[in-house]
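Asker: My structure is below; once you've seen it, I'll send some questions.
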Amino acid sequence: MIKLTDVAILSLTKLRSRPVRTAITIILASLLFGILVAVSLVSTGIFHSINDFRKDCLTSRYIVSVSNAPNDNPLALQNTMRDPALVTEAKKRYEKLVQAKTAEAKKLNISYSQINDQPPYKQTENGSESLALNDPNGITRELLKEKFSTTPAFDDKNLSEIAKKYHAAKLFSEQQFAIAKGSSLAPLADGKEVFRETSNETSANANNPQPPVNSSSLTITPPEISNPFLLANDGGWQPDGKSLPIILPQNTIERLLAMDKLPDSASARQKLDHLKTVRERASGL
C-alpha cells in the first residue's frame, strides 16, 4: 500500500519534472471543481427561491371570503314571520303610524286614506296572520332587525380558531348596509340635487343616466384592502360630514370623464399610460 510520504515524493518529483503541465492540470481541475460547486449552489438557490415563492405567492397563499350560512331549518323564516308576538307588535306600530300620517295630512291640509296604505301584515292561505315582506313603511324590517340584533352573524372567536388551522395570516371584516326601502344612493354634483322631468318616458331616460354607484347597498371595507385602490391623498378628499369617498371601476370613471376606452389590441405601455391618465383626471371628480 502506498503511503502518504510516497504520495508526497511522487508529487514533488512530477512537479519538478513537468512543472508547466502539472500547474495547468491543477488549475483546470480547480476551475472545473469550482464551476461544479457554483452550479450546485446556484441550482439549489433557484429551487429554494421557487419553493419559497410558491409558498408565499402561489398555491399556499390565497384569499378566502366567509359569508353567513343559511339557516339549516328552511321553515325558520316562515315561522318567524308568523310569530304572533311580532304580528301584534306590527299592528301596534302600524296603528301609530296611521295616526301620525292622519295628523300630518290634516296639518298640511291634504287628504290621506288608510285604504291606500299597505299594512305590515297579511293573512295567509290557512287564515293565520304573517308579517309582510313587501312592507313600504319599513315596520317589518325594523321588527326583524330588532329580533336578530342580539344574534351575531359570526362567532368571531370560533372563526379565528378555524382560520388558524389553515395558517391564516390576517382576518379582515367588511360591513354591508342595505339602503332603506324607497331610497337610493346617488352622487350629488357639488352637493346639489338635480330634479328631472319624469312624466315623459323618453325625457326621463335621457335625463337619468346610469348611476356610477350601487344605489341599493353600501359596503365599507377595511383600509388594508381598500388603500391600494385609492388615489394619492384620497384624491384631495377631506372628512367634512357631508360626503363619502367611494371606489369606482375604471370603466365607470372613463364614462364620467367622457374618455375613450382603449382598444383590446392596446399594448401594455399604452394601458399603463392610460391608467395613469385616468387616475390623474379622477382626482377632479
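Chain identifiers are assigned as A, B, and so on, following the order in which chains appear in the C-alpha cells; residues are numbered from 1 within each chain, and ligands are numbered from 1 in order of appearance.
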Using only C-alpha atoms, which residues sit within 10 Å of range 244-252 of chain A once same-chain residues fewer than 3 positions away are excluded, as a PyMOL selection string?
Answerer: chain A and resi 187+210-214+218-220+226+229-231+234-235+237-241+255-261+275+278-279+282
Asker: Which residues are close to Ile162 in chain A, i.e. within 12 Å by only C-alpha atoms, leaving aside same-chain residues fewer than 6 positions away? Reply as a PyMOL selection string.
Answerer: chain A and resi 66+155-156+168+171
Asker: Which residue is closest to Leu144 in chain A? Choose from A:Lys96, A:Glu193, A:Ala103, A:Leu77 and count only C-alpha atoms.
Answerer: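 Checking each of A:Lys96, A:Glu193, A:Ala103, A:Leu77 against Leu144 in chain A, counting only C-alpha atoms, the winner is A:Leu77.
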Asker: I'd like to know which residues of range 44-260 of chain A are helix (DSSP H, G or I) (by DSSP, run on the backbone); could you write them as number ranges by chain?
Answerer: A: 44-57, 76-81, 84-108, 114-116, 139-147, 156-165, 189-191, 201-207, 223-229, 232-236, 250-256
Asker: Could you save those same residues with C-alpha atoms as a short mmCIF file (atom, residue, chain, number, x, y, z; two decimals), in the first residue's frame?
Answerer:
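Result written to selection.cif:
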```cif
data_model
loop_
_atom_site.label_atom_id
_atom_site.label_comp_id
_atom_site.auth_asym_id
_atom_site.auth_seq_id
_atom_site.Cartn_x
_atom_site.Cartn_y
_atom_site.Cartn_z
CA THR A 44 -30.03 24.85 -5.02
CA GLY A 45 -30.73 28.56 -4.52
CA ILE A 46 -33.06 28.68 -7.53
CA PHE A 47 -35.06 25.71 -6.33
CA HIS A 48 -35.29 27.15 -2.81
CA SER A 49 -36.43 30.51 -4.21
CA ILE A 50 -39.09 28.89 -6.38
CA ASN A 51 -40.31 26.86 -3.44
CA ASP A 52 -40.49 29.94 -1.18
CA PHE A 53 -42.26 31.94 -3.89
CA ARG A 54 -44.74 29.12 -4.39
CA LYS A 55 -45.49 29.00 -0.68
CA ASP A 56 -45.89 32.76 -0.28
CA CYS A 57 -47.46 33.82 -3.58
CA ALA A 76 -87.18 29.23 10.22
CA LEU A 77 -88.00 32.46 8.37
CA GLN A 78 -91.59 31.41 7.79
CA ASN A 79 -92.06 30.65 11.49
CA THR A 80 -90.51 33.98 12.41
CA MET A 81 -92.78 35.87 10.02
CA PRO A 84 -97.92 36.12 16.89
CA ALA A 85 -95.90 38.47 19.11
CA LEU A 86 -94.25 40.11 16.09
CA VAL A 87 -97.56 40.39 14.24
CA THR A 88 -99.19 42.02 17.28
CA GLU A 89 -96.32 44.49 17.61
CA ALA A 90 -96.54 45.26 13.88
CA LYS A 91 -100.24 46.10 14.27
CA LYS A 92 -99.49 48.47 17.16
CA ARG A 93 -96.76 50.28 15.25
CA TYR A 94 -98.88 50.49 12.12
CA GLU A 95 -101.76 51.97 14.08
CA LYS A 96 -99.45 54.65 15.50
CA LEU A 97 -98.09 55.31 12.02
CA VAL A 98 -101.59 55.77 10.60
CA GLN A 99 -102.41 58.21 13.38
CA ALA A 100 -99.22 60.16 12.69
CA LYS A 101 -99.92 60.27 8.94
CA THR A 102 -103.50 61.37 9.52
CA ALA A 103 -102.37 64.17 11.81
CA GLU A 104 -99.68 65.27 9.35
CA ALA A 105 -102.14 65.22 6.44
CA LYS A 106 -104.58 67.34 8.42
CA LYS A 107 -101.80 69.74 9.29
CA LEU A 108 -100.83 70.08 5.62
CA GLN A 114 -105.59 54.30 5.27
CA ILE A 115 -107.13 52.25 2.46
CA ASN A 116 -104.30 53.31 0.14
CA ILE A 139 -92.11 48.17 10.04
CA THR A 140 -91.39 44.53 9.16
CA ARG A 141 -87.74 45.33 8.57
CA GLU A 142 -87.47 47.11 11.91
CA LEU A 143 -89.05 44.20 13.78
CA LEU A 144 -86.79 41.61 12.16
CA LYS A 145 -83.74 43.77 12.80
CA GLU A 146 -84.67 44.12 16.46
CA LYS A 147 -85.34 40.40 16.82
CA ASP A 156 -65.53 35.71 15.72
CA LYS A 157 -63.69 33.57 18.24
CA ASN A 158 -64.76 30.33 16.58
CA LEU A 159 -63.96 31.74 13.13
CA SER A 160 -60.46 32.72 14.29
CA GLU A 161 -59.83 29.25 15.67
CA ILE A 162 -60.89 27.65 12.39
CA ALA A 163 -58.73 30.07 10.40
CA LYS A 164 -55.67 29.19 12.49
CA LYS A 165 -55.94 25.58 11.36
CA ALA A 189 -72.61 67.11 -8.03
CA ASP A 190 -71.37 69.95 -5.81
CA GLY A 191 -73.72 68.65 -3.12
CA GLU A 201 -90.54 58.40 -20.52
CA THR A 202 -88.17 59.47 -23.30
CA SER A 203 -87.10 62.56 -21.40
CA ALA A 204 -86.77 60.60 -18.18
CA ASN A 205 -84.46 58.03 -19.78
CA ALA A 206 -82.35 60.74 -21.41
CA ASN A 207 -82.01 62.84 -18.27
CA PRO A 223 -58.15 50.15 4.82
CA GLU A 224 -55.81 47.18 4.34
CA ILE A 225 -57.96 46.14 1.37
CA SER A 226 -59.11 49.50 0.00
CA ASN A 227 -55.87 51.54 0.26
CA PRO A 228 -54.23 50.03 -2.87
CA PHE A 229 -57.18 51.26 -4.93
CA ALA A 232 -52.90 59.62 -3.54
CA ASN A 233 -54.04 61.68 -0.54
CA ASP A 234 -57.55 60.30 -1.12
CA GLY A 235 -57.82 62.42 -4.26
CA GLY A 236 -57.88 65.58 -2.16
CA GLN A 250 -62.04 52.10 -14.29
CA ASN A 251 -64.74 51.85 -16.97
CA THR A 252 -67.14 53.90 -14.81
CA ILE A 253 -64.53 56.62 -14.27
CA GLU A 254 -63.85 56.69 -18.02
CA ARG A 255 -67.56 57.18 -18.65
CA LEU A 256 -67.81 60.00 -16.11
#
```
Asker: What does the distance between CA of Ile179 in chain A and CA of Ser216 in chain A come to in Å, to one decimal place?
Answerer: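 Computing the Euclidean distance for CA of Ile179 in chain A and CA of Ser216 in chain A yields 5.2 Å.
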Asker: Have a look at CA of Ala180 in chain A and CA of Asn137 in chain A and let me know their distance in Å, one decimal.
Answerer: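 Computing it gives 9.8 Å between the two atoms.
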